[in-house]
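The next block holds one structure in the form of structure tokens; read it before the comments.
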Amino acid sequence: MSDNKSLPLRRLGLTDMKITPVGFGAWALGGGEWAFGWGSQDDADSIAAIRHAVEHHGVNWIDTAAVYGLGRSEEVVGAALREMSPDQRPFVFTKCGLGWDEADRRAVAKRIGRPEGIRKEAEASLRRLGVERIDLYQMHWPPDDGTPIADYWGALLDLKAEGKVRAVGLSNHNAQQLEAAESLGHVDTLQPPFSAIERGTAEHLLPWCAAHETAVIVYSPMQAGLLTGAFSVARAEALGADDWRSRSPHFKADGLRQNLAFAEALRPIAERHNVAVAAVAIAWVLSWAPVTGAIVGARSPAQVDGWVEGGLIQLTSHDLDEIAAAIQATGAGRGPTRP
């Protein structure tokens, strides 16, 4: 992609923020020394990837979380921000509600929702990121410690009222939980998983968000790398034990073969648009009207170049029909097949 192509902007729900259709996902920047890591990662490469996305392609938001690398991802994002002038800095979105044990960093983080814990998490994220205000603060998962939604959502709304965060959202919540939160205060955003393989979000969540003017920023639009066009059986078999994908059914046996066959079916569409397969996968999720933005990970500047045009191309009706037919033919994933 040439630098003179400008990514369009979309309003983030009812907030005053306008974001590019693609945002930089910082999950993998946390490295591999925790339960859901992506393997080893060099911080200098991470910072270079962030700067390349922002400075060369105009990506204007980063999505991270406190738990990614158990604080490391936020620290890396903070280091990248310090290298940018204030007028360059992208919006920073992060998440709370997962607590880890420093004595056992490989243990799965606990889903917690106590208001006092959320407040402490927010302060810690502000320090790691080096910012005075978080642009979007999201509850990562519904807690399993018994905290009612009124308590943890109320804590996020309080942080917004105090000006510590600009907007508040929910991640990985269902429509019933969204409805309960909305009755207390507007849900600015929802962050669900959504890809041409995992399509369940289109069934109930996208209609709810459209009806309530809640922005949707989806994660894993390339299904953790399966829809990049560069994945293979050999690469899946070579994933290390410190890469969570090595334990995912999407990366094993019949599921892997179906997913790779579907990714290959996207190649003719990519060639028609003169883009990478990854860009088609991203454009597909963005073609669903309630979706405001797609979070896309990168571990190097070259990876950013491979997907950024997903925020520029428009898939035609014929393209969407062809993708739906490929889903049916390969049996990949589940959920609605066409916008």
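Residues in the structure tokens are named by chain (A, B, ... in the order shown) and by number from 1 within that chain; ligands are numbered from 1 in the order shown.
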
Could you give me, as an NGL selection string, the residues within 9 Å of Leu205 (chain A), counting only C-alpha atoms and dropping anything in the same chain fewer than 4 positions from it?
:A and (173-175 or 178 or 190 or 192 or 200-201 or 209-210)

Can you write out the residues you just picked, keeping N, CA and C atoms, as a PDB file, in the first residue's frame?
```pdb
ATOM      1  N   HIS A 173     -19.067 -10.247  26.051  1.00  0.00           N
ATOM      2  CA  HIS A 173     -20.332 -10.301  26.776  1.00  0.00           C
ATOM      3  C   HIS A 173     -21.459 -10.650  25.797  1.00  0.00           C
ATOM      4  N   ASN A 174     -22.519 -11.273  26.329  1.00  0.00           N
ATOM      5  CA  ASN A 174     -23.649 -11.645  25.471  1.00  0.00           C
ATOM      6  C   ASN A 174     -24.720 -10.563  25.471  1.00  0.00           C
ATOM      7  N   ALA A 175     -25.760 -10.763  24.673  1.00  0.00           N
ATOM      8  CA  ALA A 175     -26.784  -9.733  24.512  1.00  0.00           C
ATOM      9  C   ALA A 175     -27.537  -9.461  25.807  1.00  0.00           C
ATOM     10  N   LEU A 178     -25.333  -7.287  27.869  1.00  0.00           N
ATOM     11  CA  LEU A 178     -25.325  -5.940  27.296  1.00  0.00           C
ATOM     12  C   LEU A 178     -26.578  -5.178  27.709  1.00  0.00           C
ATOM     13  N   LEU A 190     -18.753  -2.628  22.072  1.00  0.00           N
ATOM     14  CA  LEU A 190     -18.637  -4.058  22.338  1.00  0.00           C
ATOM     15  C   LEU A 190     -17.441  -4.569  21.548  1.00  0.00           C
ATOM     16  N   PRO A 192     -16.264  -8.174  20.432  1.00  0.00           N
ATOM     17  CA  PRO A 192     -16.434  -9.618  20.348  1.00  0.00           C
ATOM     18  C   PRO A 192     -15.457 -10.223  19.343  1.00  0.00           C
ATOM     19  N   GLY A 200     -20.422 -16.351  14.750  1.00  0.00           N
ATOM     20  CA  GLY A 200     -21.565 -16.327  15.654  1.00  0.00           C
ATOM     21  C   GLY A 200     -21.983 -14.940  16.109  1.00  0.00           C
ATOM     22  N   THR A 201     -21.039 -14.010  16.156  1.00  0.00           N
ATOM     23  CA  THR A 201     -21.345 -12.641  16.590  1.00  0.00           C
ATOM     24  C   THR A 201     -22.442 -11.996  15.741  1.00  0.00           C
ATOM     25  N   CYS A 209     -26.301  -4.312  18.932  1.00  0.00           N
ATOM     26  CA  CYS A 209     -25.472  -3.111  18.887  1.00  0.00           C
ATOM     27  C   CYS A 209     -26.010  -2.088  17.902  1.00  0.00           C
ATOM     28  N   ALA A 210     -26.510  -2.549  16.768  1.00  0.00           N
ATOM     29  CA  ALA A 210     -27.086  -1.630  15.787  1.00  0.00           C
ATOM     30  C   ALA A 210     -28.297  -0.909  16.376  1.00  0.00           C
TER      31      ALA A 210
END
```

What's around Ser287 (chain A) at 8 Å? Count only C-alpha atoms, leave out sequence neighbours fewer than 4 positions away in its own chain, and write the answer as an MDAnalysis selection string.
chainID A and resid 283 291 314:315 339

Just-selected residues, N, CA, C and O atoms written as a PDB file, in the first residue's frame:
```pdb
ATOM      1  N   ALA A 283     -11.750  -7.058   5.286  1.00  0.00           N
ATOM      2  CA  ALA A 283     -12.823  -6.348   4.591  1.00  0.00           C
ATOM      3  C   ALA A 283     -14.157  -7.065   4.770  1.00  0.00           C
ATOM      4  O   ALA A 283     -15.214  -6.417   4.816  1.00  0.00           O
ATOM      5  N   VAL A 291     -20.343  -3.166  12.364  1.00  0.00           N
ATOM      6  CA  VAL A 291     -18.931  -3.233  12.745  1.00  0.00           C
ATOM      7  C   VAL A 291     -18.253  -1.905  12.419  1.00  0.00           C
ATOM      8  O   VAL A 291     -18.205  -1.477  11.264  1.00  0.00           O
ATOM      9  N   GLN A 314     -13.426  -2.271  -0.788  1.00  0.00           N
ATOM     10  CA  GLN A 314     -14.852  -2.547  -0.637  1.00  0.00           C
ATOM     11  C   GLN A 314     -15.169  -3.830  -1.391  1.00  0.00           C
ATOM     12  O   GLN A 314     -14.988  -3.907  -2.611  1.00  0.00           O
ATOM     13  N   LEU A 315     -15.647  -4.830  -0.693  1.00  0.00           N
ATOM     14  CA  LEU A 315     -16.024  -6.070  -1.360  1.00  0.00           C
ATOM     15  C   LEU A 315     -17.346  -5.880  -2.099  1.00  0.00           C
ATOM     16  O   LEU A 315     -18.274  -5.238  -1.602  1.00  0.00           O
ATOM     17  N   PRO A 339     -23.248 -10.847   4.889  1.00  0.00           N
ATOM     18  CA  PRO A 339     -23.898  -9.658   5.466  1.00  0.00           C
ATOM     19  C   PRO A 339     -25.296  -9.453   4.894  1.00  0.00           C
ATOM     20  O   PRO A 339     -25.528  -9.779   3.722  1.00  0.00           O
TER      21      PRO A 339
END
```

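Considering only C-alpha atoms, the residue among A:Asn259, A:Glu203, A:Asp242, A:Ala326 positioned nearest to Trp288 (chain A) is A:Glu203.
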
When you look at region 89-94 of chain A with a cut-off of 8 Å (counting only C-alpha atoms), what residues show up, excluding the ones that are within fewer than 2 positions of it in the same chain? I need them as JSON, numbers by chain.
{"A": [54, 59, 60, 61, 62, 63, 64, 65, 66, 81, 84, 85, 86, 87, 96, 125, 134, 135, 136, 137, 138]}

Can I get the selected residues back with N, CA, C and O atoms, as a PDB file, in the first residue's frame?
```pdb
ATOM      1  N   VAL A  54       1.059   3.624  12.553  1.00  0.00           N
ATOM      2  CA  VAL A  54       0.569   4.983  12.814  1.00  0.00           C
ATOM      3  C   VAL A  54       1.150   5.994  11.827  1.00  0.00           C
ATOM      4  O   VAL A  54       0.423   6.785  11.218  1.00  0.00           O
ATOM      5  N   VAL A  59      -3.080   4.522  10.835  1.00  0.00           N
ATOM      6  CA  VAL A  59      -3.905   3.810  11.817  1.00  0.00           C
ATOM      7  C   VAL A  59      -3.953   4.649  13.095  1.00  0.00           C
ATOM      8  O   VAL A  59      -2.909   5.053  13.609  1.00  0.00           O
ATOM      9  N   ASN A  60      -5.158   4.927  13.593  1.00  0.00           N
ATOM     10  CA  ASN A  60      -5.236   5.907  14.682  1.00  0.00           C
ATOM     11  C   ASN A  60      -5.745   5.352  16.008  1.00  0.00           C
ATOM     12  O   ASN A  60      -6.155   6.111  16.872  1.00  0.00           O
ATOM     13  N   TRP A  61      -5.667   4.033  16.176  1.00  0.00           N
ATOM     14  CA  TRP A  61      -6.010   3.466  17.479  1.00  0.00           C
ATOM     15  C   TRP A  61      -5.281   2.147  17.710  1.00  0.00           C
ATOM     16  O   TRP A  61      -4.958   1.424  16.771  1.00  0.00           O
ATOM     17  N   ILE A  62      -4.986   1.905  18.990  1.00  0.00           N
ATOM     18  CA  ILE A  62      -4.322   0.684  19.434  1.00  0.00           C
ATOM     19  C   ILE A  62      -5.215   0.030  20.476  1.00  0.00           C
ATOM     20  O   ILE A  62      -5.740   0.700  21.364  1.00  0.00           O
ATOM     21  N   ASP A  63      -5.375  -1.279  20.362  1.00  0.00           N
ATOM     22  CA  ASP A  63      -6.120  -2.022  21.371  1.00  0.00           C
ATOM     23  C   ASP A  63      -5.173  -2.968  22.100  1.00  0.00           C
ATOM     24  O   ASP A  63      -4.472  -3.776  21.479  1.00  0.00           O
ATOM     25  N   THR A  64      -5.148  -2.863  23.419  1.00  0.00           N
ATOM     26  CA  THR A  64      -4.315  -3.737  24.240  1.00  0.00           C
ATOM     27  C   THR A  64      -5.142  -4.182  25.443  1.00  0.00           C
ATOM     28  O   THR A  64      -6.361  -4.030  25.482  1.00  0.00           O
ATOM     29  N   ALA A  65      -4.483  -4.770  26.428  1.00  0.00           N
ATOM     30  CA  ALA A  65      -5.149  -5.183  27.668  1.00  0.00           C
ATOM     31  C   ALA A  65      -4.092  -5.361  28.733  1.00  0.00           C
ATOM     32  O   ALA A  65      -2.946  -5.727  28.441  1.00  0.00           O
ATOM     33  N   ALA A  66      -4.486  -5.146  29.978  1.00  0.00           N
ATOM     34  CA  ALA A  66      -3.544  -5.308  31.084  1.00  0.00           C
ATOM     35  C   ALA A  66      -2.965  -6.717  31.114  1.00  0.00           C
ATOM     36  O   ALA A  66      -1.781  -6.920  31.380  1.00  0.00           O
ATOM     37  N   LEU A  81       4.359   5.146  22.434  1.00  0.00           N
ATOM     38  CA  LEU A  81       3.716   6.458  22.530  1.00  0.00           C
ATOM     39  C   LEU A  81       4.712   7.549  22.893  1.00  0.00           C
ATOM     40  O   LEU A  81       4.623   8.682  22.404  1.00  0.00           O
ATOM     41  N   MET A  84       6.400   9.317  20.069  1.00  0.00           N
ATOM     42  CA  MET A  84       5.565  10.062  19.125  1.00  0.00           C
ATOM     43  C   MET A  84       5.259  11.448  19.665  1.00  0.00           C
ATOM     44  O   MET A  84       5.151  11.651  20.876  1.00  0.00           O
ATOM     45  N   SER A  85       5.102  12.397  18.759  1.00  0.00           N
ATOM     46  CA  SER A  85       4.658  13.725  19.170  1.00  0.00           C
ATOM     47  C   SER A  85       3.181  13.650  19.551  1.00  0.00           C
ATOM     48  O   SER A  85       2.459  12.762  19.084  1.00  0.00           O
ATOM     49  N   PRO A  86       2.715  14.548  20.409  1.00  0.00           N
ATOM     50  CA  PRO A  86       1.317  14.491  20.861  1.00  0.00           C
ATOM     51  C   PRO A  86       0.303  14.477  19.725  1.00  0.00           C
ATOM     52  O   PRO A  86      -0.734  13.812  19.828  1.00  0.00           O
ATOM     53  N   ASP A  87       0.577  15.189  18.627  1.00  0.00           N
ATOM     54  CA  ASP A  87      -0.390  15.231  17.537  1.00  0.00           C
ATOM     55  C   ASP A  87      -0.385  13.954  16.695  1.00  0.00           C
ATOM     56  O   ASP A  87      -1.274  13.738  15.886  1.00  0.00           O
ATOM     57  N   CYS A  96      -9.753  -4.444  31.351  1.00  0.00           N
ATOM     58  CA  CYS A  96      -9.530  -4.803  32.745  1.00  0.00           C
ATOM     59  C   CYS A  96     -10.328  -6.059  33.086  1.00  0.00           C
ATOM     60  O   CYS A  96     -11.052  -6.589  32.258  1.00  0.00           O
ATOM     61  N   SER A 125      -2.844   0.609  34.663  1.00  0.00           N
ATOM     62  CA  SER A 125      -2.790   0.745  33.206  1.00  0.00           C
ATOM     63  C   SER A 125      -2.373   2.158  32.802  1.00  0.00           C
ATOM     64  O   SER A 125      -1.586   2.339  31.869  1.00  0.00           O
ATOM     65  N   ILE A 134      -7.380   7.080  29.604  1.00  0.00           N
ATOM     66  CA  ILE A 134      -7.550   5.967  28.668  1.00  0.00           C
ATOM     67  C   ILE A 134      -8.732   6.303  27.766  1.00  0.00           C
ATOM     68  O   ILE A 134      -9.809   6.691  28.241  1.00  0.00           O
ATOM     69  N   ASP A 135      -8.535   6.167  26.468  1.00  0.00           N
ATOM     70  CA  ASP A 135      -9.596   6.571  25.536  1.00  0.00           C
ATOM     71  C   ASP A 135     -10.794   5.628  25.555  1.00  0.00           C
ATOM     72  O   ASP A 135     -11.931   6.077  25.414  1.00  0.00           O
ATOM     73  N   LEU A 136     -10.556   4.334  25.695  1.00  0.00           N
ATOM     74  CA  LEU A 136     -11.649   3.358  25.820  1.00  0.00           C
ATOM     75  C   LEU A 136     -11.210   2.303  26.818  1.00  0.00           C
ATOM     76  O   LEU A 136     -10.183   1.653  26.640  1.00  0.00           O
ATOM     77  N   TYR A 137     -12.009   2.132  27.870  1.00  0.00           N
ATOM     78  CA  TYR A 137     -11.717   1.144  28.904  1.00  0.00           C
ATOM     79  C   TYR A 137     -12.803   0.084  28.855  1.00  0.00           C
ATOM     80  O   TYR A 137     -14.004   0.403  28.931  1.00  0.00           O
ATOM     81  N   GLN A 138     -12.389  -1.188  28.729  1.00  0.00           N
ATOM     82  CA  GLN A 138     -13.342  -2.265  28.497  1.00  0.00           C
ATOM     83  C   GLN A 138     -13.198  -3.374  29.535  1.00  0.00           C
ATOM     84  O   GLN A 138     -12.088  -3.714  29.937  1.00  0.00           O
TER      85      GLN A 138
END
```

Counting only C-alpha atoms, the option among A:Asp243, A:Leu29, A:Ala49, A:Gly331 closest to Arg106 (chain A)
A:Asp243

Show me, as a PyMOL selection string, the residues that have an atom within 12 Å of Asp42 (chain A) when counting only C-alpha atoms, minus same-chain residues fewer than 2 positions from it.
chain A and resi 28-32+38-40+44-49+72-73+76+299-300

Non-local contacts of region 227-230 of chain A (6 Å; only C-alpha atoms; under 6 positions in same chain excluded) as JSON, numbers by chain:
{"A": [263, 277, 278]}

DSSP helix (DSSP H, G or I) residues within region 21-252 of chain A, as a ChimeraX atom specification
/A:28-30,43-57,72-82,115-129,149-161,175-182,201-212,223-225,233-237,244-247,249-251

Residues of the last selection are to be written out with C-alpha atoms, as an mmCIF file, in the first residue's frame.
```
data_model
loop_
_atom_site.group_PDB
_atom_site.id
_atom_site.type_symbol
_atom_site.label_atom_id
_atom_site.label_comp_id
_atom_site.auth_asym_id
_atom_site.auth_seq_id
_atom_site.Cartn_x
_atom_site.Cartn_y
_atom_site.Cartn_z
ATOM 1 C CA ALA A 28 0.989 -10.730 20.629
ATOM 2 C CA LEU A 29 3.264 -7.956 21.897
ATOM 3 C CA GLY A 30 2.958 -9.479 25.357
ATOM 4 C CA ASP A 43 10.036 -5.250 22.062
ATOM 5 C CA ALA A 44 11.978 -3.237 19.464
ATOM 6 C CA ASP A 45 10.092 -5.044 16.692
ATOM 7 C CA SER A 46 6.819 -4.335 18.486
ATOM 8 C CA ILE A 47 7.529 -0.607 18.771
ATOM 9 C CA ALA A 48 8.619 -0.463 15.131
ATOM 10 C CA ALA A 49 5.357 -2.160 14.080
ATOM 11 C CA ILE A 50 3.230 0.308 16.065
ATOM 12 C CA ARG A 51 5.078 3.318 14.679
ATOM 13 C CA HIS A 52 4.852 1.981 11.139
ATOM 14 C CA ALA A 53 1.088 1.486 11.422
ATOM 15 C CA VAL A 54 0.569 4.983 12.814
ATOM 16 C CA GLU A 55 3.161 7.026 10.882
ATOM 17 C CA HIS A 56 3.068 5.332 7.476
ATOM 18 C CA HIS A 57 -0.527 4.135 7.250
ATOM 19 C CA ARG A 72 4.166 -6.128 29.158
ATOM 20 C CA SER A 73 1.971 -5.215 26.186
ATOM 21 C CA GLU A 74 0.781 -2.003 27.853
ATOM 22 C CA GLU A 75 4.377 -1.124 28.710
ATOM 23 C CA VAL A 76 5.448 -1.638 25.088
ATOM 24 C CA VAL A 77 2.551 0.486 23.844
ATOM 25 C CA GLY A 78 3.561 3.156 26.354
ATOM 26 C CA ALA A 79 7.140 3.074 25.087
ATOM 27 C CA ALA A 80 5.914 3.535 21.507
ATOM 28 C CA LEU A 81 3.716 6.458 22.530
ATOM 29 C CA ARG A 82 6.644 8.216 24.174
ATOM 30 C CA PRO A 115 -15.026 -2.341 41.841
ATOM 31 C CA GLU A 116 -12.009 -1.635 44.034
ATOM 32 C CA GLY A 117 -9.962 -4.011 41.893
ATOM 33 C CA ILE A 118 -11.061 -2.348 38.673
ATOM 34 C CA ARG A 119 -10.048 1.040 40.030
ATOM 35 C CA LYS A 120 -6.590 -0.284 40.933
ATOM 36 C CA GLU A 121 -6.286 -1.859 37.492
ATOM 37 C CA ALA A 122 -7.127 1.438 35.821
ATOM 38 C CA GLU A 123 -4.435 3.266 37.782
ATOM 39 C CA ALA A 124 -1.880 0.567 36.908
ATOM 40 C CA SER A 125 -2.790 0.745 33.206
ATOM 41 C CA LEU A 126 -2.475 4.534 33.213
ATOM 42 C CA ARG A 127 1.033 4.188 34.650
ATOM 43 C CA ARG A 128 2.145 1.506 32.212
ATOM 44 C CA LEU A 129 0.744 3.360 29.213
ATOM 45 C CA ILE A 149 -22.845 -6.596 36.475
ATOM 46 C CA ALA A 150 -24.275 -3.530 38.241
ATOM 47 C CA ASP A 151 -21.120 -3.353 40.362
ATOM 48 C CA TYR A 152 -18.424 -3.777 37.721
ATOM 49 C CA TRP A 153 -20.216 -1.810 35.035
ATOM 50 C CA GLY A 154 -20.941 0.864 37.613
ATOM 51 C CA ALA A 155 -17.208 1.044 38.367
ATOM 52 C CA LEU A 156 -16.410 1.671 34.698
ATOM 53 C CA LEU A 157 -19.139 4.316 34.461
ATOM 54 C CA ASP A 158 -17.672 6.030 37.546
ATOM 55 C CA LEU A 159 -14.212 6.117 35.932
ATOM 56 C CA LYS A 160 -15.774 7.729 32.870
ATOM 57 C CA ALA A 161 -17.607 10.315 34.970
ATOM 58 C CA ALA A 175 -26.784 -9.733 24.512
ATOM 59 C CA GLN A 176 -28.479 -10.292 27.870
ATOM 60 C CA GLN A 177 -25.452 -8.883 29.686
ATOM 61 C CA LEU A 178 -25.325 -5.940 27.296
ATOM 62 C CA GLU A 179 -28.978 -5.213 28.025
ATOM 63 C CA ALA A 180 -28.353 -5.270 31.777
ATOM 64 C CA ALA A 181 -25.399 -2.893 31.452
ATOM 65 C CA GLU A 182 -27.259 -0.550 29.111
ATOM 66 C CA THR A 201 -21.345 -12.641 16.590
ATOM 67 C CA ALA A 202 -23.532 -11.804 13.582
ATOM 68 C CA GLU A 203 -26.506 -13.726 14.974
ATOM 69 C CA HIS A 204 -27.528 -11.699 18.026
ATOM 70 C CA LEU A 205 -24.778 -9.275 19.042
ATOM 71 C CA LEU A 206 -24.519 -7.196 15.871
ATOM 72 C CA PRO A 207 -28.304 -6.587 15.738
ATOM 73 C CA TRP A 208 -28.325 -5.548 19.417
ATOM 74 C CA CYS A 209 -25.472 -3.111 18.887
ATOM 75 C CA ALA A 210 -27.086 -1.630 15.787
ATOM 76 C CA ALA A 211 -30.316 -1.040 17.704
ATOM 77 C CA HIS A 212 -28.531 0.661 20.625
ATOM 78 C CA GLN A 223 -8.733 -15.950 13.024
ATOM 79 C CA ALA A 224 -5.364 -15.716 14.760
ATOM 80 C CA GLY A 225 -3.447 -15.900 11.487
ATOM 81 C CA VAL A 233 -0.177 -27.354 8.150
ATOM 82 C CA ALA A 234 3.586 -27.343 8.691
ATOM 83 C CA ARG A 235 3.464 -23.960 10.387
ATOM 84 C CA ALA A 236 0.633 -25.115 12.654
ATOM 85 C CA GLU A 237 2.593 -28.225 13.620
ATOM 86 C CA TRP A 244 -1.821 -20.617 22.721
ATOM 87 C CA ARG A 245 -2.776 -21.546 19.156
ATOM 88 C CA SER A 246 -1.007 -24.890 19.555
ATOM 89 C CA ARG A 247 -3.933 -25.908 21.805
ATOM 90 C CA PRO A 249 -8.964 -26.944 17.606
ATOM 91 C CA HIS A 250 -8.901 -24.405 14.768
ATOM 92 C CA PHE A 251 -5.226 -25.269 14.328
#
```

For Ser6 (chain A), which of A:Val165, A:Ala270, A:Val22, A:Ile217 is the closest residue, counting only C-alpha atoms?
A:Val22

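Here CA of Glu322 (chain A) stands at a distance of 21.4 Å from CA of Ser220 (chain A).
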
If you count only C-alpha atoms, which residues fall within 6 Å of Leu12 (chain A), apart from same-chain ones fewer than 5 positions away, as a PyMOL selection string?
chain A and resi 17-18+215

Would you mind exporting N, CA and C atoms of the selected residues as a short mmCIF file (atom, residue, chain, number, x, y, z; two decimals), in the first residue's frame?
```
data_model
loop_
_atom_site.label_atom_id
_atom_site.label_comp_id
_atom_site.auth_asym_id
_atom_site.auth_seq_id
_atom_site.Cartn_x
_atom_site.Cartn_y
_atom_site.Cartn_z
N MET A 17 -15.13 10.27 19.25
CA MET A 17 -13.95 9.75 18.57
C MET A 17 -14.30 9.21 17.18
N LYS A 18 -13.41 9.47 16.24
CA LYS A 18 -13.53 8.89 14.90
C LYS A 18 -12.29 8.03 14.67
N ALA A 215 -20.97 0.93 19.33
CA ALA A 215 -19.95 0.61 18.33
C ALA A 215 -19.44 -0.81 18.54
#
```
